[in-house]
Structure formats: structure tokens, C-alpha cells
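Engineer: Sharing run.pdb, PDB, C-alpha atoms (C1' of nucleotides):
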```pdb
MODEL        1
ATOM      1  CA  MET A   1     -34.991 -21.679 -46.309
ATOM      2  CA  ALA A   2     -38.384 -22.765 -47.538
ATOM      3  CA  ALA A   3     -38.239 -20.243 -50.291
ATOM      4  CA  VAL A   4     -38.142 -22.194 -53.487
ATOM      5  CA  ARG A   5     -40.379 -25.181 -53.168
ATOM      6  CA  GLN A   6     -40.701 -27.101 -56.390
ATOM      7  CA  ILE A   7     -39.312 -25.808 -59.624
ATOM      8  CA  ALA A   8     -40.764 -28.011 -62.319
ATOM      9  CA  GLY A   9     -44.386 -28.235 -61.337
ATOM     10  CA  PRO A  10     -47.001 -25.515 -61.345
ATOM     11  CA  CYS A  11     -45.713 -23.950 -58.201
ATOM     12  CA  GLN A  12     -48.334 -21.707 -56.739
ATOM     13  CA  ALA A  13     -46.337 -18.490 -56.878
ATOM     14  CA  TRP A  14     -44.336 -17.121 -53.990
ATOM     15  CA  PRO A  15     -45.574 -13.711 -52.969
ATOM     16  CA  GLU A  16     -44.647 -14.490 -49.412
ATOM     17  CA  ASP A  17     -41.107 -15.525 -50.225
ATOM     18  CA  SER A  18     -40.561 -12.952 -52.903
ATOM     19  CA  ALA A  19     -38.793 -10.612 -50.506
ATOM     20  CA  PHE A  20     -35.452 -12.360 -50.993
ATOM     21  CA  ILE A  21     -35.631 -12.313 -54.734
ATOM     22  CA  ARG A  22     -36.800  -8.745 -54.829
ATOM     23  CA  GLU A  23     -33.941  -7.783 -52.576
ATOM     24  CA  VAL A  24     -31.370  -9.542 -54.725
ATOM     25  CA  LEU A  25     -32.861  -8.245 -57.928
ATOM     26  CA  ASP A  26     -32.931  -4.739 -56.593
ATOM     27  CA  ARG A  27     -29.245  -5.090 -55.953
ATOM     28  CA  ILE A  28     -28.062  -6.732 -59.153
ATOM     29  CA  GLY A  29     -30.787  -5.249 -61.301
ATOM     30  CA  ASP A  30     -29.204  -1.829 -61.392
ATOM     31  CA  LYS A  31     -27.114  -0.580 -64.216
ATOM     32  CA  TRP A  32     -23.591  -1.347 -63.033
ATOM     33  CA  THR A  33     -23.452  -3.939 -60.259
ATOM     34  CA  MET A  34     -22.970  -6.945 -62.488
ATOM     35  CA  LEU A  35     -20.420  -5.224 -64.646
ATOM     36  CA  ILE A  36     -18.354  -4.393 -61.576
ATOM     37  CA  VAL A  37     -18.695  -7.862 -60.116
ATOM     38  CA  SER A  38     -17.711  -9.499 -63.373
ATOM     39  CA  THR A  39     -14.766  -7.160 -63.730
ATOM     40  CA  LEU A  40     -13.602  -7.926 -60.222
ATOM     41  CA  ASP A  41     -14.021 -11.630 -60.828
ATOM     42  CA  ALA A  42     -10.681 -11.590 -62.595
ATOM     43  CA  GLY A  43      -8.983 -10.471 -59.420
ATOM     44  CA  PRO A  44      -8.512  -7.438 -57.168
ATOM     45  CA  LEU A  45      -8.402  -4.076 -58.889
ATOM     46  CA  ARG A  46      -7.847  -0.467 -57.933
ATOM     47  CA  TYR A  47     -10.549   2.129 -58.139
ATOM     48  CA  SER A  48      -9.287   3.694 -61.333
ATOM     49  CA  ASP A  49      -8.714   0.327 -62.925
ATOM     50  CA  VAL A  50     -12.298  -0.660 -62.325
ATOM     51  CA  GLN A  51     -13.388   2.626 -63.779
ATOM     52  CA  ALA A  52     -11.189   2.104 -66.809
ATOM     53  CA  SER A  53     -12.605  -1.388 -67.296
ATOM     54  CA  ILE A  54     -16.147  -0.099 -67.473
ATOM     55  CA  PRO A  55     -16.271   2.568 -70.186
ATOM     56  CA  GLY A  56     -19.526   4.367 -69.543
ATOM     57  CA  ILE A  57     -19.560   4.493 -65.751
ATOM     58  CA  SER A  58     -19.361   7.712 -63.748
ATOM     59  CA  GLN A  59     -17.471   8.169 -60.480
ATOM     60  CA  ARG A  60     -20.727   8.656 -58.682
ATOM     61  CA  MET A  61     -22.171   5.318 -59.773
ATOM     62  CA  LEU A  62     -18.868   3.505 -59.387
ATOM     63  CA  THR A  63     -18.399   4.667 -55.827
ATOM     64  CA  GLN A  64     -22.013   4.090 -54.894
ATOM     65  CA  THR A  65     -22.158   0.608 -56.348
ATOM     66  CA  LEU A  66     -18.860  -0.363 -54.764
ATOM     67  CA  LYS A  67     -20.151   0.772 -51.391
ATOM     68  CA  HIS A  68     -23.332  -1.191 -51.742
ATOM     69  CA  LEU A  69     -21.394  -4.301 -52.689
ATOM     70  CA  GLU A  70     -19.028  -3.768 -49.794
ATOM     71  CA  ARG A  71     -21.923  -3.263 -47.417
ATOM     72  CA  ASP A  72     -23.478  -6.534 -48.503
ATOM     73  CA  GLY A  73     -20.185  -8.366 -48.131
ATOM     74  CA  MET A  74     -19.741  -9.017 -51.837
ATOM     75  CA  LEU A  75     -16.332  -7.417 -51.862
ATOM     76  CA  VAL A  76     -13.693  -6.059 -49.510
ATOM     77  CA  ARG A  77     -12.102  -2.664 -49.749
ATOM     78  CA  THR A  78      -8.450  -2.248 -48.829
ATOM     79  CA  ALA A  79      -6.939   1.209 -48.562
ATOM     80  CA  TYR A  80      -3.159   1.419 -48.468
ATOM     81  CA  PRO A  81      -1.916   4.461 -46.546
ATOM     82  CA  GLU A  82       0.560   5.553 -49.167
ATOM     83  CA  VAL A  83       1.447   8.949 -50.465
ATOM     84  CA  PRO A  84      -0.417   8.381 -53.685
ATOM     85  CA  PRO A  85      -3.519   6.798 -52.193
ATOM     86  CA  ARG A  86      -4.166   3.281 -53.393
ATOM     87  CA  VAL A  87      -7.395   1.395 -52.838
ATOM     88  CA  GLU A  88      -8.074  -2.113 -53.990
ATOM     89  CA  TYR A  89     -11.350  -3.942 -54.319
ATOM     90  CA  GLU A  90     -11.594  -7.701 -54.231
ATOM     91  CA  LEU A  91     -14.514 -10.080 -54.426
ATOM     92  CA  THR A  92     -15.355 -12.208 -51.426
ATOM     93  CA  GLU A  93     -16.572 -15.779 -51.585
ATOM     94  CA  LEU A  94     -20.090 -14.444 -51.378
ATOM     95  CA  GLY A  95     -19.425 -12.175 -54.302
ATOM     96  CA  ARG A  96     -18.060 -15.034 -56.335
ATOM     97  CA  SER A  97     -21.064 -17.177 -55.536
ATOM     98  CA  LEU A  98     -23.266 -14.352 -56.755
ATOM     99  CA  MET A  99     -21.192 -14.340 -59.892
ATOM    100  CA  GLU A 100     -22.027 -17.981 -60.435
ATOM    101  CA  ALA A 101     -25.713 -17.372 -59.965
ATOM    102  CA  VAL A 102     -25.602 -14.525 -62.405
ATOM    103  CA  MET A 103     -23.741 -16.719 -64.842
ATOM    104  CA  ALA A 104     -26.734 -19.045 -64.804
ATOM    105  CA  MET A 105     -28.930 -16.111 -65.746
ATOM    106  CA  ALA A 106     -26.423 -15.171 -68.398
ATOM    107  CA  ALA A 107     -26.606 -18.671 -69.796
ATOM    108  CA  TRP A 108     -30.360 -18.398 -70.029
ATOM    109  CA  ALA A 109     -30.060 -14.985 -71.642
ATOM    110  CA  ALA A 110     -27.555 -16.258 -74.167
ATOM    111  CA  ALA A 111     -29.772 -19.219 -74.963
ATOM    112  CA  HIS A 112     -32.934 -17.197 -75.476
ATOM    113  CA  HIS A 113     -31.952 -13.710 -76.510
ATOM    114  CA  ARG A 114     -32.426 -14.592 -80.172
ATOM    115  CA  GLU A 115     -35.927 -15.823 -79.508
ATOM    116  CA  ILE A 116     -36.721 -12.725 -77.479
ATOM    117  CA  ALA A 117     -35.337 -10.425 -80.130
ATOM    118  CA  ALA A 118     -37.338 -12.246 -82.789
ATOM    119  CA  ASN A 119     -40.523 -11.976 -80.761
ATOM    120  CA  ARG A 120     -39.907  -8.326 -80.157
ATOM    121  CA  ALA A 121     -39.293  -7.652 -83.822
ATOM    122  CA  ALA A 122     -42.424  -9.557 -84.771
ATOM    123  CA  SER A 123     -44.459  -7.616 -82.227
ATOM    124  CA  GLU A 124     -43.072  -4.438 -83.659
ATOM    125  CA  LEU A 125     -44.577  -5.323 -87.032
ATOM    126  CA  THR A 126     -47.934  -6.425 -85.726
ATOM    127  CA  GLY A 127     -48.040  -3.572 -83.267
ATOM    128  CA  VAL A 128     -48.647  -5.645 -80.184
ATOM    129  CA  GLY A 129     -46.815  -4.052 -77.339
ATOM    130  CA  ARG A 130     -46.754  -0.688 -78.975
ATOM    131  CA  SER A 131     -46.549   2.192 -76.560
ATOM    132  CA  LYS A 132     -45.017   5.190 -78.208
ATOM    133  CA  ALA A 133     -42.517   3.880 -80.707
ATOM    134  CA  PRO A 134     -42.350   6.007 -83.847
ATOM    135  CA  ALA A 135     -42.484   2.876 -86.032
ATOM    136  CA  GLY A 136     -40.440   4.034 -88.953
ATOM    137  CA  SER A 137     -42.788   5.919 -91.218
TER
ATOM    138  CA  MET B   1     -20.345  -3.546 -74.399
ATOM    139  CA  ALA B   2     -16.900  -5.072 -74.328
ATOM    140  CA  ALA B   3     -16.516  -4.042 -70.735
ATOM    141  CA  VAL B   4     -15.899  -7.564 -69.627
ATOM    142  CA  ARG B   5     -12.869  -8.560 -71.585
ATOM    143  CA  GLN B   6     -11.371 -11.837 -70.685
ATOM    144  CA  ILE B   7     -11.473 -13.228 -67.244
ATOM    145  CA  ALA B   8      -9.217 -15.882 -65.891
ATOM    146  CA  GLY B   9     -10.018 -17.932 -62.873
ATOM    147  CA  PRO B  10     -12.556 -20.393 -61.615
ATOM    148  CA  CYS B  11     -15.519 -18.829 -63.256
ATOM    149  CA  GLN B  12     -14.192 -18.133 -66.749
ATOM    150  CA  ALA B  13     -16.739 -15.362 -67.136
ATOM    151  CA  TRP B  14     -19.400 -14.891 -69.749
ATOM    152  CA  PRO B  15     -18.837 -14.165 -73.408
ATOM    153  CA  GLU B  16     -17.304 -10.794 -74.074
ATOM    154  CA  ASP B  17     -20.743  -9.409 -74.807
ATOM    155  CA  SER B  18     -22.785  -8.685 -71.722
ATOM    156  CA  ALA B  19     -25.601  -7.068 -73.664
ATOM    157  CA  PHE B  20     -27.797 -10.145 -73.280
ATOM    158  CA  ILE B  21     -27.614 -10.132 -69.554
ATOM    159  CA  ARG B  22     -28.162  -6.415 -69.313
ATOM    160  CA  GLU B  23     -31.186  -6.759 -71.514
ATOM    161  CA  VAL B  24     -32.650  -9.570 -69.454
ATOM    162  CA  LEU B  25     -31.888  -7.832 -66.198
ATOM    163  CA  ASP B  26     -33.439  -4.629 -67.404
ATOM    164  CA  ARG B  27     -36.586  -6.583 -68.100
ATOM    165  CA  ILE B  28     -36.870  -8.707 -64.971
ATOM    166  CA  GLY B  29     -35.194  -6.173 -62.730
ATOM    167  CA  ASP B  30     -38.200  -3.902 -62.567
ATOM    168  CA  LYS B  31     -40.687  -3.899 -59.789
ATOM    169  CA  TRP B  32     -43.440  -6.158 -61.065
ATOM    170  CA  THR B  33     -42.292  -8.411 -63.887
ATOM    171  CA  MET B  34     -41.329 -11.343 -61.722
ATOM    172  CA  LEU B  35     -44.427 -11.105 -59.604
ATOM    173  CA  ILE B  36     -46.595 -11.258 -62.690
ATOM    174  CA  VAL B  37     -44.640 -14.107 -64.222
ATOM    175  CA  SER B  38     -44.756 -16.106 -61.029
ATOM    176  CA  THR B  39     -48.474 -15.444 -60.689
ATOM    177  CA  LEU B  40     -49.105 -16.594 -64.231
ATOM    178  CA  ASP B  41     -46.948 -19.645 -63.673
ATOM    179  CA  ALA B  42     -49.903 -21.273 -61.944
ATOM    180  CA  GLY B  43     -51.966 -20.982 -65.103
ATOM    181  CA  PRO B  44     -53.781 -18.479 -67.360
ATOM    182  CA  LEU B  45     -55.483 -15.621 -65.598
ATOM    183  CA  ARG B  46     -57.675 -12.685 -66.500
ATOM    184  CA  TYR B  47     -56.551  -9.123 -66.154
ATOM    185  CA  SER B  48     -58.430  -8.452 -62.958
ATOM    186  CA  ASP B  49     -57.355 -11.742 -61.465
ATOM    187  CA  VAL B  50     -53.730 -10.892 -62.007
ATOM    188  CA  GLN B  51     -54.350  -7.533 -60.442
ATOM    189  CA  ALA B  52     -56.048  -9.145 -57.470
ATOM    190  CA  SER B  53     -53.153 -11.563 -57.075
ATOM    191  CA  ILE B  54     -50.641  -8.751 -56.762
ATOM    192  CA  PRO B  55     -51.798  -6.464 -53.975
ATOM    193  CA  GLY B  56     -49.832  -3.293 -54.506
ATOM    194  CA  ILE B  57     -49.822  -3.022 -58.295
ATOM    195  CA  SER B  58     -51.527  -0.235 -60.217
ATOM    196  CA  GLN B  59     -53.365  -0.627 -63.517
ATOM    197  CA  ARG B  60     -50.732   1.420 -65.217
ATOM    198  CA  MET B  61     -47.877  -0.847 -64.174
ATOM    199  CA  LEU B  62     -49.896  -4.009 -64.688
ATOM    200  CA  THR B  63     -50.827  -3.112 -68.235
ATOM    201  CA  GLN B  64     -47.366  -1.847 -69.074
ATOM    202  CA  THR B  65     -45.580  -4.887 -67.709
ATOM    203  CA  LEU B  66     -48.007  -7.262 -69.382
ATOM    204  CA  LYS B  67     -47.385  -5.545 -72.701
ATOM    205  CA  HIS B  68     -43.655  -5.782 -72.299
ATOM    206  CA  LEU B  69     -43.885  -9.456 -71.475
ATOM    207  CA  GLU B  70     -46.179 -10.036 -74.421
ATOM    208  CA  ARG B  71     -43.850  -8.131 -76.706
ATOM    209  CA  ASP B  72     -40.947 -10.330 -75.652
ATOM    210  CA  GLY B  73     -42.990 -13.484 -76.145
ATOM    211  CA  MET B  74     -43.090 -14.389 -72.477
ATOM    212  CA  LEU B  75     -46.872 -14.586 -72.486
ATOM    213  CA  VAL B  76     -49.803 -14.558 -74.868
ATOM    214  CA  ARG B  77     -52.832 -12.336 -74.597
ATOM    215  CA  THR B  78     -56.218 -13.686 -75.599
ATOM    216  CA  ALA B  79     -59.198 -11.348 -75.824
ATOM    217  CA  TYR B  80     -62.614 -12.943 -76.015
ATOM    218  CA  PRO B  81     -65.147 -10.791 -77.889
ATOM    219  CA  GLU B  82     -67.859 -11.057 -75.302
ATOM    220  CA  VAL B  83     -70.235  -8.522 -73.926
ATOM    221  CA  PRO B  84     -68.385  -8.275 -70.668
ATOM    222  CA  PRO B  85     -64.865  -8.153 -72.111
ATOM    223  CA  ARG B  86     -62.658 -10.995 -71.003
ATOM    224  CA  VAL B  87     -58.917 -11.103 -71.540
ATOM    225  CA  GLU B  88     -56.661 -13.912 -70.471
ATOM    226  CA  TYR B  89     -52.920 -13.962 -70.079
ATOM    227  CA  GLU B  90     -50.929 -17.158 -70.251
ATOM    228  CA  LEU B  91     -47.234 -17.878 -70.022
ATOM    229  CA  THR B  92     -45.464 -19.271 -73.068
ATOM    230  CA  GLU B  93     -42.728 -21.862 -72.924
ATOM    231  CA  LEU B  94     -40.239 -19.022 -73.035
ATOM    232  CA  GLY B  95     -41.907 -17.411 -70.078
ATOM    233  CA  ARG B  96     -41.805 -20.635 -68.134
ATOM    234  CA  SER B  97     -38.136 -21.107 -68.920
ATOM    235  CA  LEU B  98     -37.504 -17.611 -67.606
ATOM    236  CA  MET B  99     -39.372 -18.638 -64.499
ATOM    237  CA  GLU B 100     -36.964 -21.504 -64.015
ATOM    238  CA  ALA B 101     -33.960 -19.257 -64.428
ATOM    239  CA  VAL B 102     -35.346 -16.818 -61.931
ATOM    240  CA  MET B 103     -36.049 -19.653 -59.536
ATOM    241  CA  ALA B 104     -32.352 -20.445 -59.646
ATOM    242  CA  MET B 105     -31.632 -16.867 -58.632
ATOM    243  CA  ALA B 106     -34.257 -17.210 -55.951
ATOM    244  CA  ALA B 107     -32.494 -20.288 -54.652
ATOM    245  CA  TRP B 108     -29.266 -18.345 -54.394
ATOM    246  CA  ALA B 109     -31.065 -15.487 -52.697
ATOM    247  CA  ALA B 110     -32.681 -17.824 -50.221
ATOM    248  CA  ALA B 111     -29.344 -19.467 -49.491
ATOM    249  CA  HIS B 112     -27.465 -16.234 -48.891
ATOM    250  CA  HIS B 113     -29.927 -13.624 -47.763
ATOM    251  CA  ARG B 114     -29.077 -14.271 -44.132
ATOM    252  CA  GLU B 115     -25.406 -13.779 -44.812
ATOM    253  CA  ILE B 116     -26.111 -10.623 -46.749
ATOM    254  CA  ALA B 117     -28.359  -9.269 -44.030
ATOM    255  CA  ALA B 118     -25.711 -10.038 -41.425
ATOM    256  CA  ASN B 119     -23.026  -8.289 -43.447
ATOM    257  CA  ARG B 120     -25.257  -5.322 -43.927
ATOM    258  CA  ALA B 121     -26.053  -5.101 -40.239
ATOM    259  CA  ALA B 122     -22.369  -5.369 -39.372
ATOM    260  CA  SER B 123     -21.512  -2.640 -41.840
ATOM    261  CA  GLU B 124     -24.171  -0.507 -40.294
ATOM    262  CA  LEU B 125     -22.366  -0.695 -36.973
ATOM    263  CA  THR B 126     -18.907  -0.113 -38.328
ATOM    264  CA  GLY B 127     -20.173   2.547 -40.678
ATOM    265  CA  VAL B 128     -18.753   1.112 -43.866
ATOM    266  CA  GLY B 129     -21.183   1.833 -46.609
ATOM    267  CA  ARG B 130     -22.746   4.724 -44.786
ATOM    268  CA  SER B 131     -24.142   7.389 -46.999
ATOM    269  CA  LYS B 132     -26.645   9.479 -45.148
ATOM    270  CA  ALA B 133     -28.356   7.230 -42.662
ATOM    271  CA  PRO B 134     -29.254   9.095 -39.459
ATOM    272  CA  ALA B 135     -27.960   6.183 -37.369
ATOM    273  CA  GLY B 136     -30.219   6.601 -34.375
ATOM    274  CA  SER B 137     -28.594   8.828 -31.785
TER
ATOM    275  C1'  DC C   1      -5.458   9.061 -56.657
ATOM    276  C1'  DG C   2      -9.801   8.254 -54.627
ATOM    277  C1'  DG C   3     -13.274   9.905 -53.387
ATOM    278  C1'  DC C   4     -17.690  13.173 -51.693
ATOM    279  C1'  DA C   5     -21.329  16.854 -52.460
ATOM    280  C1'  DT C   6     -24.317  19.228 -55.377
ATOM    281  C1'  DC C   7     -27.182  20.122 -59.276
ATOM    282  C1'  DC C   8     -30.117  18.595 -62.719
ATOM    283  C1'  DA C   9     -32.408  15.720 -66.514
ATOM    284  C1'  DA C  10     -34.615  11.518 -67.529
ATOM    285  C1'  DA C  11     -36.913   7.370 -66.209
ATOM    286  C1'  DC C  12     -39.869   4.909 -62.938
ATOM    287  C1'  DG C  13     -44.009   4.407 -60.931
ATOM    288  C1'  DG C  14     -48.497   5.663 -58.127
ATOM    289  C1'  DA C  15     -53.159   8.086 -58.138
ATOM    290  C1'  DT C  16     -56.757   9.637 -60.591
ATOM    291  C1'  DA C  17     -60.016  10.339 -64.300
ATOM    292  C1'  DC C  18     -61.929   8.846 -68.442
ATOM    293  C1'  DT C  19     -63.254   5.347 -72.418
ATOM    294  C1'  DG C  20     -65.071   1.246 -75.241
TER
ATOM    295  C1'  DC D   1     -64.204  -5.562 -67.429
ATOM    296  C1'  DA D   2     -60.109  -4.012 -69.418
ATOM    297  C1'  DG D   3     -57.836  -0.861 -70.362
ATOM    298  C1'  DT D   4     -55.951   4.485 -71.833
ATOM    299  C1'  DA D   5     -54.370   9.192 -70.668
ATOM    300  C1'  DT D   6     -52.667  12.607 -67.626
ATOM    301  C1'  DC D   7     -50.609  14.511 -63.674
ATOM    302  C1'  DC D   8     -47.169  14.353 -60.378
ATOM    303  C1'  DG D   9     -43.925  12.738 -56.729
ATOM    304  C1'  DT D  10     -39.857   9.657 -56.259
ATOM    305  C1'  DT D  11     -35.787   7.511 -57.810
ATOM    306  C1'  DT D  12     -31.919   6.890 -60.918
ATOM    307  C1'  DG D  13     -27.998   8.376 -62.707
ATOM    308  C1'  DG D  14     -24.814  11.631 -65.433
ATOM    309  C1'  DA D  15     -21.948  16.093 -65.086
ATOM    310  C1'  DT D  16     -19.484  19.061 -62.468
ATOM    311  C1'  DG D  17     -16.691  20.930 -58.743
ATOM    312  C1'  DC D  18     -14.100  20.397 -54.545
ATOM    313  C1'  DC D  19     -11.250  18.098 -51.073
ATOM    314  C1'  DG D  20      -7.870  14.860 -48.392
TER
ENDMDL
END
```
What's the C-alpha cells form of this structure?
Structural biologist:
Amino acid sequence: MAAVRQIAGPCQAWPEDSAFIREVLDRIGDKWTMLIVSTLDAGPLRYSDVQASIPGISQRMLTQTLKHLERDGMLVRTAYPEVPPRVEYELTELGRSLMEAVMAMAAWAAAHHREIAANRAASELTGVGRSKAPAGS
Amino acid sequence: MAAVRQIAGPCQAWPEDSAFIREVLDRIGDKWTMLIVSTLDAGPLRYSDVQASIPGISQRMLTQTLKHLERDGMLVRTAYPEVPPRVEYELTELGRSLMEAVMAMAAWAAAHHREIAANRAASELTGVGRSKAPAGS
DNA sequence: CGGCATCCAAACGGATACTG
DNA sequence: CAGTATCCGTTTGGATGCCG
């Protein structure tokens, strides 16, 4: 692999190896991928069930994201040739392993979101990263 | 968001609130954040040095991303009041901890990118996730 | 039920020009 | 040197309508 050399030390960046991470982040960084994966982590679900489990999603984004995940081998699509069409989506092992990796990120987020929120609020007062926020008054 | 209710199984899922993860992903999921963080992981750098370290970035995106990172407390900006202006950016502990979390994702990406690429190539042949690719002939 | 196709608004992001 | 401001193309994603 040779991608991630040392973690602890001052590792000299990884512009050359960043393609993998960029690729993964482009995939899970979108608005719905992780929600779908986490929903499917419970077990196989039908199209409409997935949609019902994710309140704000549109058919367009649901279908598109499902296709991307299927294309990457994160899940398998099974269509049953019945009179009322039934299609089920189920995570693969790869998809579940992604879930675990994302859980690590989630753990970090849960551990630091307070700190981040506090920093952001403080910056709001001092006007550090101000771009075009109305700032109350 | 309450989209991810309760999940049974091996991975027990994250807390019912996925807002943290979405927030973090929205921040690191953009095009340049990780590149900048990884560049700064080596040590403090000046504006132009960061720019030089990241070939394709524009001033607009560099400045914007730096401000976002500063606002979230991932880095600190130090401006020296000299005749030729000098500004240095340095990662905070929070920023370095993010780096570690991302490195974990990178490790996953490095471990599975081959598998993903293979799945994608296979799907290309079978025409699974096809949307509007010309597909050669 | 499970999509796909189209339209359209907002956000993202690059190129350029200008400033302190 | 270290930005800011503006213009503009590209991408994202929601809303709608149709179809097997």
C-alpha cells in the first residue's frame, strides 16, 4: 500500500498518495452516502424503506447514491420479478468495513464537536473567519 | 437528524444524532481542506508556501479554506507586522487530532481502493451503475 | 413500486483584477 | 506578500413528470 507511512510523527504530507483519500472522501463526503450506508447497516431494505428512513432525501439522490454504492461494491441490489416490483439493497462486507471506518470518524467528531463549536462561536465574536455572516445586529 | 434510529448488529451504529459526522464531513469533504491540513502537519508555513505546496489551488480557495480551518480552531494564524507582510499558519492540537482521524480513513482507503477500483471496472462491463457513460463503441 | 429524464436554483470553485 | 472582490463556468441537488 505504502500510502500511510507514519501517523504519529511529523509525516511529510502525502500529496502523492492523496488520490485514494480524495477518492474515498469524494464518495462518502456527499450529502447522503453515509446516511444510506448507516441505514443499511441494520440489514437489507427495500427502496421505499430506505427512502422512508432518510427524511429529507429525494428519489433522484437516493437512486444516484445507491447506484454509486452498488458500482463500488459497497452494496448489492436484488430485484425480485414480482407483480409489485420489489428491490432490496444490502451492504456487502466492503460496505460494512467502510461503515467501521466511518464510525472512527464519527467517534472523533463526537469527541471534538463541542470544541469545534466553541471555537466557531468564539471566532464569531472576534470576527475571525468572517465572510458574509450578518452577525446579529 | 434522527435518520439513523437504532441499529442492531455487529457495528451497533453511532448515536442517534448524525449531525456531528455530517458537520465534520462537510468540512473535510471539500476539495482542499485535507491537503492543507496535511501540508501544515509538517510544521507552520506562510501563505505563499502553503500555496506552493499545493499545486492546483487558487488564492480564493486557499484563503477561504484557511479561514474555515481557523474558525473551527484547526489552525492558528499569526500575522507579523513587518514591511513585507508575513503570515504563518500552524496546526493546533485539534487540527493534528483531525489529521490522525483522517489518516485512519486514509488507511482504509489504501487497503480497499484496489477492491473498489476492481468492482467499479467490473460494473462498467456489466453496466450496473451506468448513467450516461459513452462506453466506447 | 421503483425507478429515469428533465428543468432549474443554489453552492462550489477557477481565473482575473485590484488593494494595503 | 497576503490577501479581497468580481465574474463566470461547473457541479450538486431538489422538484416535477413520466414510464415499466
Engineer: With a distance cut-off of 12 Å and only C-alpha atoms (C1' of nucleotides), select the neighbouring residues of DG20 (chain C), excluding the residue or stretch itself and same-chain residues fewer than 4 positions from it, and output the selection as a ChimeraX atom specification.
Structural biologist: /B:83-85 /D:1-4
Engineer: Would you put the residues from that selection into a file with C-alpha atoms (C1' of nucleotides), as a PDB file, in the coordinates of the input?
Structural biologist:
```
ATOM      1  CA  VAL B  83     -70.235  -8.522 -73.926  1.00  0.00           C
ATOM      2  CA  PRO B  84     -68.385  -8.275 -70.668  1.00  0.00           C
ATOM      3  CA  PRO B  85     -64.865  -8.153 -72.111  1.00  0.00           C
TER       4      PRO B  85
ATOM      5  C1'  DC D   1     -64.204  -5.562 -67.429  1.00  0.00           C
ATOM      6  C1'  DA D   2     -60.109  -4.012 -69.418  1.00  0.00           C
ATOM      7  C1'  DG D   3     -57.836  -0.861 -70.362  1.00  0.00           C
ATOM      8  C1'  DT D   4     -55.951   4.485 -71.833  1.00  0.00           C
TER       9       DT D   4
END
```
Engineer: Would you mind listing, for every residue of chain B within 7 Å of chain A, the two atoms forming the shortest contact and the distance between them in Å to one decimal, using only C-alpha atoms, sorted by chain and ascending residue number, as a Markdown table?
Structural biologist:
```
| residue | atom | partner | partner_atom | distance |
| --- | --- | --- | --- | --- |
| B:Ala3 | CA | A:Ile54 | CA | 5.1 |
| B:Val4 | CA | A:Thr39 | CA | 6.0 |
| B:Ile7 | CA | A:Ala42 | CA | 5.0 |
| B:Ala8 | CA | A:Ala42 | CA | 5.6 |
| B:Gly9 | CA | A:Ala42 | CA | 6.4 |
| B:Trp14 | CA | A:Met103 | CA | 6.8 |
| B:Phe20 | CA | A:Ala109 | CA | 5.6 |
| B:Ile21 | CA | A:Ala106 | CA | 5.3 |
| B:Val24 | CA | A:Ala109 | CA | 6.4 |
| B:Leu25 | CA | A:Gly29 | CA | 5.6 |
| B:Asp26 | CA | A:Gly29 | CA | 6.7 |
| B:Gly29 | CA | A:Gly29 | CA | 4.7 |
| B:Ser38 | CA | A:Ala13 | CA | 5.0 |
| B:Thr39 | CA | A:Ala13 | CA | 5.3 |
| B:Asp41 | CA | A:Pro10 | CA | 6.3 |
| B:Ala42 | CA | A:Pro10 | CA | 5.2 |
| B:Lys67 | CA | A:Gly129 | CA | 4.9 |
| B:His68 | CA | A:Gly129 | CA | 6.2 |
| B:Glu70 | CA | A:Gly129 | CA | 6.7 |
| B:Arg71 | CA | A:Gly129 | CA | 5.1 |
| B:Asp72 | CA | A:Arg120 | CA | 5.0 |
| B:Gly73 | CA | A:Asn119 | CA | 5.4 |
| B:Glu100 | CA | A:Ile7 | CA | 6.6 |
| B:Ala101 | CA | A:Met105 | CA | 6.1 |
| B:Met103 | CA | A:Val4 | CA | 6.9 |
| B:Met105 | CA | A:Ala101 | CA | 6.1 |
| B:Ala106 | CA | A:Ile21 | CA | 5.2 |
| B:Ala107 | CA | A:Val4 | CA | 6.1 |
| B:Trp108 | CA | A:Ala101 | CA | 6.7 |
| B:Ala109 | CA | A:Phe20 | CA | 5.7 |
| B:Ala110 | CA | A:Met1 | CA | 6.0 |
| B:Ala111 | CA | A:Met1 | CA | 6.8 |
| B:His113 | CA | A:Phe20 | CA | 6.5 |
| B:Ile116 | CA | A:Asp72 | CA | 5.2 |
| B:Asn119 | CA | A:Asp72 | CA | 5.4 |
| B:Arg120 | CA | A:Asp72 | CA | 5.1 |
| B:Ser123 | CA | A:Arg71 | CA | 5.6 |
| B:Val128 | CA | A:Arg71 | CA | 6.5 |
| B:Gly129 | CA | A:Lys67 | CA | 5.0 |
```
Engineer: Which residues fall under the PyMOL selection byres ((chain D and resi 11) around 12) in this file, as an MDAnalysis selection string?
Structural biologist: (chainID A and resid 30) or (chainID C and resid 10:13) or (chainID D and resid 9:10 12:13)
Engineer: Taking all listed atoms of region 9-13 of chain D, build the axis-aligned box, pad each of the six sides by 4 Å, then write its centre and edge lengths in Å to one decimal as JSON.
Structural biologist:
```
{"center_x": -36.0, "center_y": 9.8, "center_z": -59.5, "size_x": 23.9, "size_y": 13.8, "size_z": 14.4}
```
Engineer: Could you give the RMSD, in Å, left over when chain B is least-squares superposed onto chain A across all Cα atoms paired sequentially?
Structural biologist: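 The root-mean-square deviation of C-alpha positions is 3.1 Å.
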Engineer: Residues of chain B no more than 9 Å from chain D, counting all atoms listed in the file: send them over as a VMD selection string.
Structural biologist: chain B and resid 47 to 48 59 to 60 63 84 to 87
Engineer: Find the distance between CA of Asp49 (chain A) and CA of Leu125 (chain B) and write it in Å to one decimal.
Structural biologist: 29.3 Å
Engineer: As a check of understanding, name the residues that the PyMOL selection byres ((chain C) within 9 of (chain A)) selects in the supplied structure, as a PyMOL selection string.
Structural biologist: chain C and resi 1-4
Engineer: So that I have them on file, write out the residues from the current selection with C-alpha atoms (C1' of nucleotides), as a compact mmCIF listing (two decimals), in the frame of the given file.
Structural biologist:
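Okay, selection-v9.txt is ready:
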```txt
# COMPACT_ATOMS: atom_id res chain seq x y z
C1' DC C 1 -5.46 9.06 -56.66
C1' DG C 2 -9.80 8.25 -54.63
C1' DG C 3 -13.27 9.90 -53.39
C1' DC C 4 -17.69 13.17 -51.69
```
Engineer: Could you work out how far CA of Leu45 (chain B) lies from CA of Thr92 (chain B), giving the answer in Å with one decimal?
Structural biologist: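 Between CA of Thr92 (chain B) and CA of Leu45 (chain B) the gap works out to 13.0 Å.
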Engineer: Record the distance separating CA of Pro44 (chain B) and CA of Leu62 (chain B), expressed in Å with one decimal.
Structural biologist: 15.2 Å
